[in-house]
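> Sharing input-v6.txt here; it has compact mmCIF, C-alpha atoms.
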```txt
# COMPACT_ATOMS: atom_id res chain seq x y z
CA MET A 185 -3.88 142.35 6.50
CA LYS A 186 -4.42 144.46 9.63
CA LYS A 187 -2.03 147.10 8.29
CA ILE A 188 -3.96 147.28 5.00
CA THR A 189 -7.30 147.63 6.82
CA ILE A 190 -5.89 150.36 9.06
CA LEU A 191 -4.50 152.18 6.00
CA ILE A 192 -7.87 152.05 4.22
CA VAL A 193 -9.72 153.40 7.27
CA LEU A 194 -7.08 156.11 7.70
CA LEU A 195 -7.33 157.08 4.02
CA PHE A 196 -11.09 157.60 4.17
CA THR A 197 -10.87 159.31 7.59
CA VAL A 198 -8.30 161.81 6.29
CA ALA A 199 -10.44 162.43 3.20
CA ASN A 200 -13.46 163.04 5.45
CA VAL A 201 -11.56 165.45 7.72
CA PHE A 202 -10.45 167.52 4.73
CA ALA A 203 -14.01 167.40 3.36
CA GLN A 204 -15.19 170.23 5.62
CA LYS A 205 -14.81 172.84 2.85
CA GLY A 206 -15.59 172.45 -0.83
CA GLU A 207 -17.80 170.18 -2.86
CA LYS A 208 -17.97 166.50 -1.91
CA ALA A 209 -19.37 163.46 -3.69
CA ILE A 210 -19.59 159.69 -3.27
CA GLY A 211 -20.35 157.05 -5.83
CA ALA A 212 -20.13 153.52 -7.14
CA SER A 213 -18.47 152.07 -10.21
CA ILE A 214 -18.08 149.01 -12.40
CA ASN A 215 -14.48 148.37 -13.46
CA TYR A 216 -12.58 146.08 -15.78
CA GLY A 217 -8.96 145.14 -15.10
CA SER A 218 -6.92 144.02 -18.12
CA GLU A 219 -4.40 141.87 -16.24
CA ILE A 220 -6.88 140.01 -14.04
CA GLY A 221 -9.37 139.92 -16.95
CA SER A 222 -12.31 140.41 -14.65
CA LEU A 223 -15.04 142.86 -13.69
CA GLY A 224 -14.76 144.74 -10.45
CA PHE A 225 -16.99 146.85 -8.25
CA GLY A 226 -15.83 149.98 -6.51
CA GLY A 227 -16.66 152.97 -4.41
CA HIS A 228 -15.23 156.45 -4.70
CA PHE A 229 -15.16 159.71 -2.77
CA TYR A 230 -14.44 163.15 -4.21
CA TYR A 231 -13.38 166.30 -2.41
CA ASN A 232 -12.82 169.51 -4.40
CA VAL A 233 -9.89 171.34 -2.81
CA THR A 234 -10.37 174.17 -5.34
CA ASP A 235 -12.66 174.64 -8.33
CA HIS A 236 -10.18 172.70 -10.51
CA PHE A 237 -8.23 170.44 -8.12
CA ARG A 238 -9.92 167.39 -6.56
CA LEU A 239 -8.84 164.53 -4.29
CA ALA A 240 -10.37 161.22 -5.36
CA PRO A 241 -9.69 158.14 -3.21
CA ASP A 242 -11.37 154.92 -4.34
CA ILE A 243 -11.45 151.21 -3.61
CA THR A 244 -12.17 148.35 -6.04
CA TYR A 245 -12.74 144.62 -5.61
CA PHE A 246 -12.31 142.51 -8.75
CA LEU A 247 -14.24 139.25 -9.10
CA LYS A 248 -12.27 136.01 -9.05
CA ASN A 249 -10.94 134.90 -12.44
CA ASP A 250 -8.77 131.81 -13.06
CA HIS A 251 -8.24 131.35 -9.31
CA LEU A 252 -7.06 134.98 -8.91
CA ASN A 253 -8.57 137.63 -6.64
CA GLU A 254 -7.61 141.30 -6.58
CA TRP A 255 -8.54 144.44 -4.70
CA ASP A 256 -6.94 147.85 -4.82
CA VAL A 257 -7.08 151.18 -3.03
CA ASN A 258 -6.17 154.35 -4.94
CA LEU A 259 -5.45 157.87 -3.75
CA ASN A 260 -5.88 159.92 -6.92
CA VAL A 261 -5.91 163.58 -7.82
CA HIS A 262 -7.86 165.11 -10.69
CA TYR A 263 -7.37 168.48 -12.37
CA LEU A 264 -10.76 169.49 -13.77
CA PHE A 265 -11.22 171.12 -17.18
CA PRO A 266 -14.87 172.16 -17.60
CA ILE A 267 -15.75 171.87 -21.29
CA GLU A 268 -19.32 173.09 -20.91
CA ASP A 269 -21.87 173.38 -18.11
CA LYS A 270 -22.45 169.62 -17.83
CA LEU A 271 -19.21 168.14 -19.19
CA THR A 272 -15.79 168.03 -17.50
CA ILE A 273 -12.63 166.17 -18.48
CA TYR A 274 -9.66 165.52 -16.19
CA PRO A 275 -6.28 163.80 -16.03
CA VAL A 276 -5.84 161.21 -13.25
CA ALA A 277 -2.65 160.61 -11.26
CA GLY A 278 -2.23 158.75 -8.02
CA PHE A 279 -0.80 156.13 -5.74
CA LEU A 280 -2.25 152.68 -5.21
CA ILE A 281 -2.06 149.60 -3.05
CA THR A 282 -3.01 146.37 -4.79
CA HIS A 283 -3.48 142.93 -3.30
CA TRP A 284 -3.52 139.78 -5.42
CA SER A 285 -4.20 136.27 -4.15
CA ALA A 286 -4.34 132.89 -5.88
CA ASP A 287 -6.03 129.70 -4.66
CA LEU A 288 -5.33 126.48 -6.54
CA ALA A 289 -6.78 123.09 -5.67
CA ILE A 290 -4.92 120.12 -7.13
CA ASN A 291 -6.85 116.86 -7.34
CA VAL A 292 -3.86 114.70 -6.37
CA GLY A 293 -4.41 114.00 -2.70
CA GLY A 294 -6.60 117.09 -2.21
CA LEU A 295 -3.58 119.42 -2.20
CA SER A 296 -4.41 123.12 -2.02
CA ILE A 297 -1.92 125.90 -2.78
CA SER A 298 -2.46 129.57 -2.07
CA ALA A 299 -0.32 132.67 -2.42
CA ALA A 300 -0.88 136.37 -1.85
CA GLU A 301 1.03 139.55 -2.44
CA THR A 302 0.44 143.22 -1.68
CA LYS A 303 2.31 145.90 -3.61
CA PHE A 304 2.40 149.66 -4.02
CA GLY A 305 2.34 151.50 -7.32
CA ILE A 306 1.31 154.59 -9.27
CA ASN A 307 -1.36 155.23 -11.87
CA PHE A 308 -1.98 157.72 -14.67
CA GLY A 309 -4.94 158.22 -16.95
CA GLY A 310 -7.89 160.39 -17.79
CA GLY A 311 -11.57 160.72 -17.17
CA VAL A 312 -14.79 162.42 -18.14
CA GLN A 313 -17.68 163.51 -15.93
CA TYR A 314 -21.17 164.31 -17.21
CA ASN A 315 -23.58 166.05 -14.81
CA LEU A 316 -27.10 164.68 -15.17
CA THR A 317 -28.41 167.11 -12.53
CA LYS A 318 -26.81 169.44 -9.99
CA THR A 319 -26.27 166.49 -7.64
CA VAL A 320 -26.00 163.38 -9.88
CA PHE A 321 -23.25 162.67 -12.41
CA LEU A 322 -21.88 159.86 -14.57
CA LYS A 323 -18.16 159.21 -14.92
CA GLY A 324 -15.86 157.26 -17.17
CA GLU A 325 -12.13 156.71 -16.62
CA LEU A 326 -9.23 154.91 -18.20
CA LYS A 327 -6.05 154.62 -16.18
CA TYR A 328 -2.93 152.51 -16.29
CA CYS A 329 -1.59 151.14 -13.02
CA PHE A 330 2.19 150.65 -12.80
CA VAL A 331 2.96 147.98 -10.19
CA SER A 332 5.89 145.59 -10.30
CA ASP A 333 4.63 142.32 -11.91
CA PHE A 334 0.98 143.50 -11.79
CA ASP A 335 0.68 146.34 -14.34
CA GLN A 336 -2.80 146.69 -15.82
CA ALA A 337 -5.19 149.08 -17.52
CA VAL A 338 -8.44 149.73 -15.65
CA ILE A 339 -11.60 150.95 -17.38
CA THR A 340 -14.24 152.46 -15.10
CA ALA A 341 -17.87 153.52 -15.52
CA GLY A 342 -19.71 154.95 -12.54
CA ILE A 343 -22.30 157.18 -10.98
CA GLY A 344 -21.79 159.81 -8.30
CA PHE A 345 -23.86 161.90 -5.91
CA LYS A 346 -22.79 165.36 -4.73
CA PHE A 347 -23.62 166.48 -1.20
```
What do you get writing this file as structure tokens?


Amino acid sequence: MKKITILIVLLFTVANVFAQKGEKAIGASINYGSEIGSLGFGGHFYYNVTDHFRLAPDITYFLKNDHLNEWDVNLNVHYLFPIEDKLTIYPVAGFLITHWSADLAINVGGLSISAAETKFGINFGGGVQYNLTKTVFLKGELKYCFVSDFDQAVITAGIGFKF
């Protein structure tokens, strides 16, 4: 678990170091994971390397469902296609770390069983961004995460703030 925590801190530190040039944004999202069958809450950071190329790390925690917990950290890239002044679409591609854990309590003698697994994977998908103002935007994404034994589609709706 320490390695995962260190990796998350390093990911956001590296993103912050590179965020000295170009447009930056942070935001929050509500997500739905098809495999876990649960809602999740996430945070994201955007850094525009160029006008069309953006780094987009994010983290999501999914609520417990059927004794399963999940969180994941993604390091995504977006290639932005402005459709009009307020509307942009983009493909999503990236790497992810996902952690699943299960806690089962069996009523025979108070036995409790737990298991956890952390795996790496990749994801692909697409998104849309709608600028409400010059600094506030809404986003929607659909991506598919390819992870051994844990593949799932993730639907995301969120809000972001440019700074």

> Write out as a PyMOL selection string the residues lying within 9 Å of Gly278 in chain A, counting only C-alpha atoms and excluding same-chain residues fewer than 5 positions away.

chain A and resi 240-241+258-262+305-308

> Please indicate the distance in Å from CA of Asp333 in chain A to CA of Ala300 in chain A, rounded to one decimal place.

12.9 Å

> Need the shell around range 221-224 of chain A: protein/DNA/RNA residues with any atom at most 12 Å away, counting all atoms listed in the file. Skip same-chain ones fewer than 5 positions apart. Format as a short mmCIF file (atom, residue, chain, number, x, y, z; two decimals) with C-alpha atoms, in the frame of the given file?


```cif
data_model
loop_
_atom_site.label_atom_id
_atom_site.label_comp_id
_atom_site.auth_asym_id
_atom_site.auth_seq_id
_atom_site.Cartn_x
_atom_site.Cartn_y
_atom_site.Cartn_z
CA ALA A 212 -20.13 153.52 -7.14
CA SER A 213 -18.47 152.07 -10.21
CA ILE A 214 -18.08 149.01 -12.40
CA ASN A 215 -14.48 148.37 -13.46
CA TYR A 216 -12.58 146.08 -15.78
CA ILE A 243 -11.45 151.21 -3.61
CA THR A 244 -12.17 148.35 -6.04
CA TYR A 245 -12.74 144.62 -5.61
CA PHE A 246 -12.31 142.51 -8.75
CA LEU A 247 -14.24 139.25 -9.10
CA LYS A 248 -12.27 136.01 -9.05
CA ASN A 249 -10.94 134.90 -12.44
CA ASP A 250 -8.77 131.81 -13.06
CA HIS A 251 -8.24 131.35 -9.31
CA LEU A 252 -7.06 134.98 -8.91
CA ASN A 253 -8.57 137.63 -6.64
CA GLU A 254 -7.61 141.30 -6.58
CA TRP A 255 -8.54 144.44 -4.70
CA ASP A 256 -6.94 147.85 -4.82
CA GLN A 336 -2.80 146.69 -15.82
CA ALA A 337 -5.19 149.08 -17.52
CA VAL A 338 -8.44 149.73 -15.65
CA ILE A 339 -11.60 150.95 -17.38
CA THR A 340 -14.24 152.46 -15.10
CA ALA A 341 -17.87 153.52 -15.52
CA GLY A 342 -19.71 154.95 -12.54
#
```

> Which one of A:Gln313, A:Thr282, A:Ser332, A:Ser218 sits closest to Phe265 in chain A if you count all atoms listed in the file?

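Looking only at the distances to Phe265 in chain A, the closest residue turns out to be A:Gln313.
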
> Select, from A:His236, A:Gly310, A:Ser285, A:Glu268, the residue with the minimum atom-to-atom distance to Ser298 in chain A, counting all atoms listed in the file.

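Ranking A:His236, A:Gly310, A:Ser285, A:Glu268 by distance to Ser298 in chain A, first place goes to A:Ser285.
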
> Excluding Phe334 in chain A and any residue of its chain fewer than 4 positions from it, enumerate the residues within 9 Å of it, using all atoms listed in the file, and give them as a list in words.

Glu219, Ile220, Thr282, Trp284, Lys303, Cys329 and Phe330 of chain A

> Would you be able to write out as a list in words which residues have an atom within 12 Å of (-22.4, 158.1, -7.1) in the file's coordinates, counting all atoms listed in the file?

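Every residue inside that radius is included here: Lys208, Ala209, Ile210, Gly211, Ala212, Ser213, Ile214, Gly226, Gly227, His228, Phe229, Tyr230, Asp242, Gln313, Tyr314, Asn315, Leu316, Thr319, Val320, Phe321, Leu322, Lys323, Ala341, Gly342, Ile343, Gly344, Phe345, Lys346 and Phe347 of chain A.
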
> For Ile267 in chain A, which residue out of A:Gly217, A:Ala299, A:His283, A:Val312 is the nearest one, using all atoms listed in the file?

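Checking each candidate against Ile267 in chain A, we get A:Val312 as the closest.
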
> Which distance in Å separates CA of Ser296 in chain A and CA of Val331 in chain A, to one decimal?

27.2 Å

> What does the distance from CA of Ile281 in chain A to CA of Val257 in chain A come to in Å, to one decimal?

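A separation of 5.3 Å between them.
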
> Looking at all atoms listed in the file, which of A:Val276, A:Leu271, A:Asp287, A:Thr302 is the one that sits closest to Lys327 in chain A?

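Of A:Val276, A:Leu271, A:Asp287, A:Thr302, the one nearest Lys327 in chain A is A:Val276, counting all atoms listed in the file.
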
> Using all atoms listed in the file, which residue out of A:Gly324, A:Gly206, A:Gly309, A:Pro275 lies closest to Thr234 in chain A?

A:Gly206
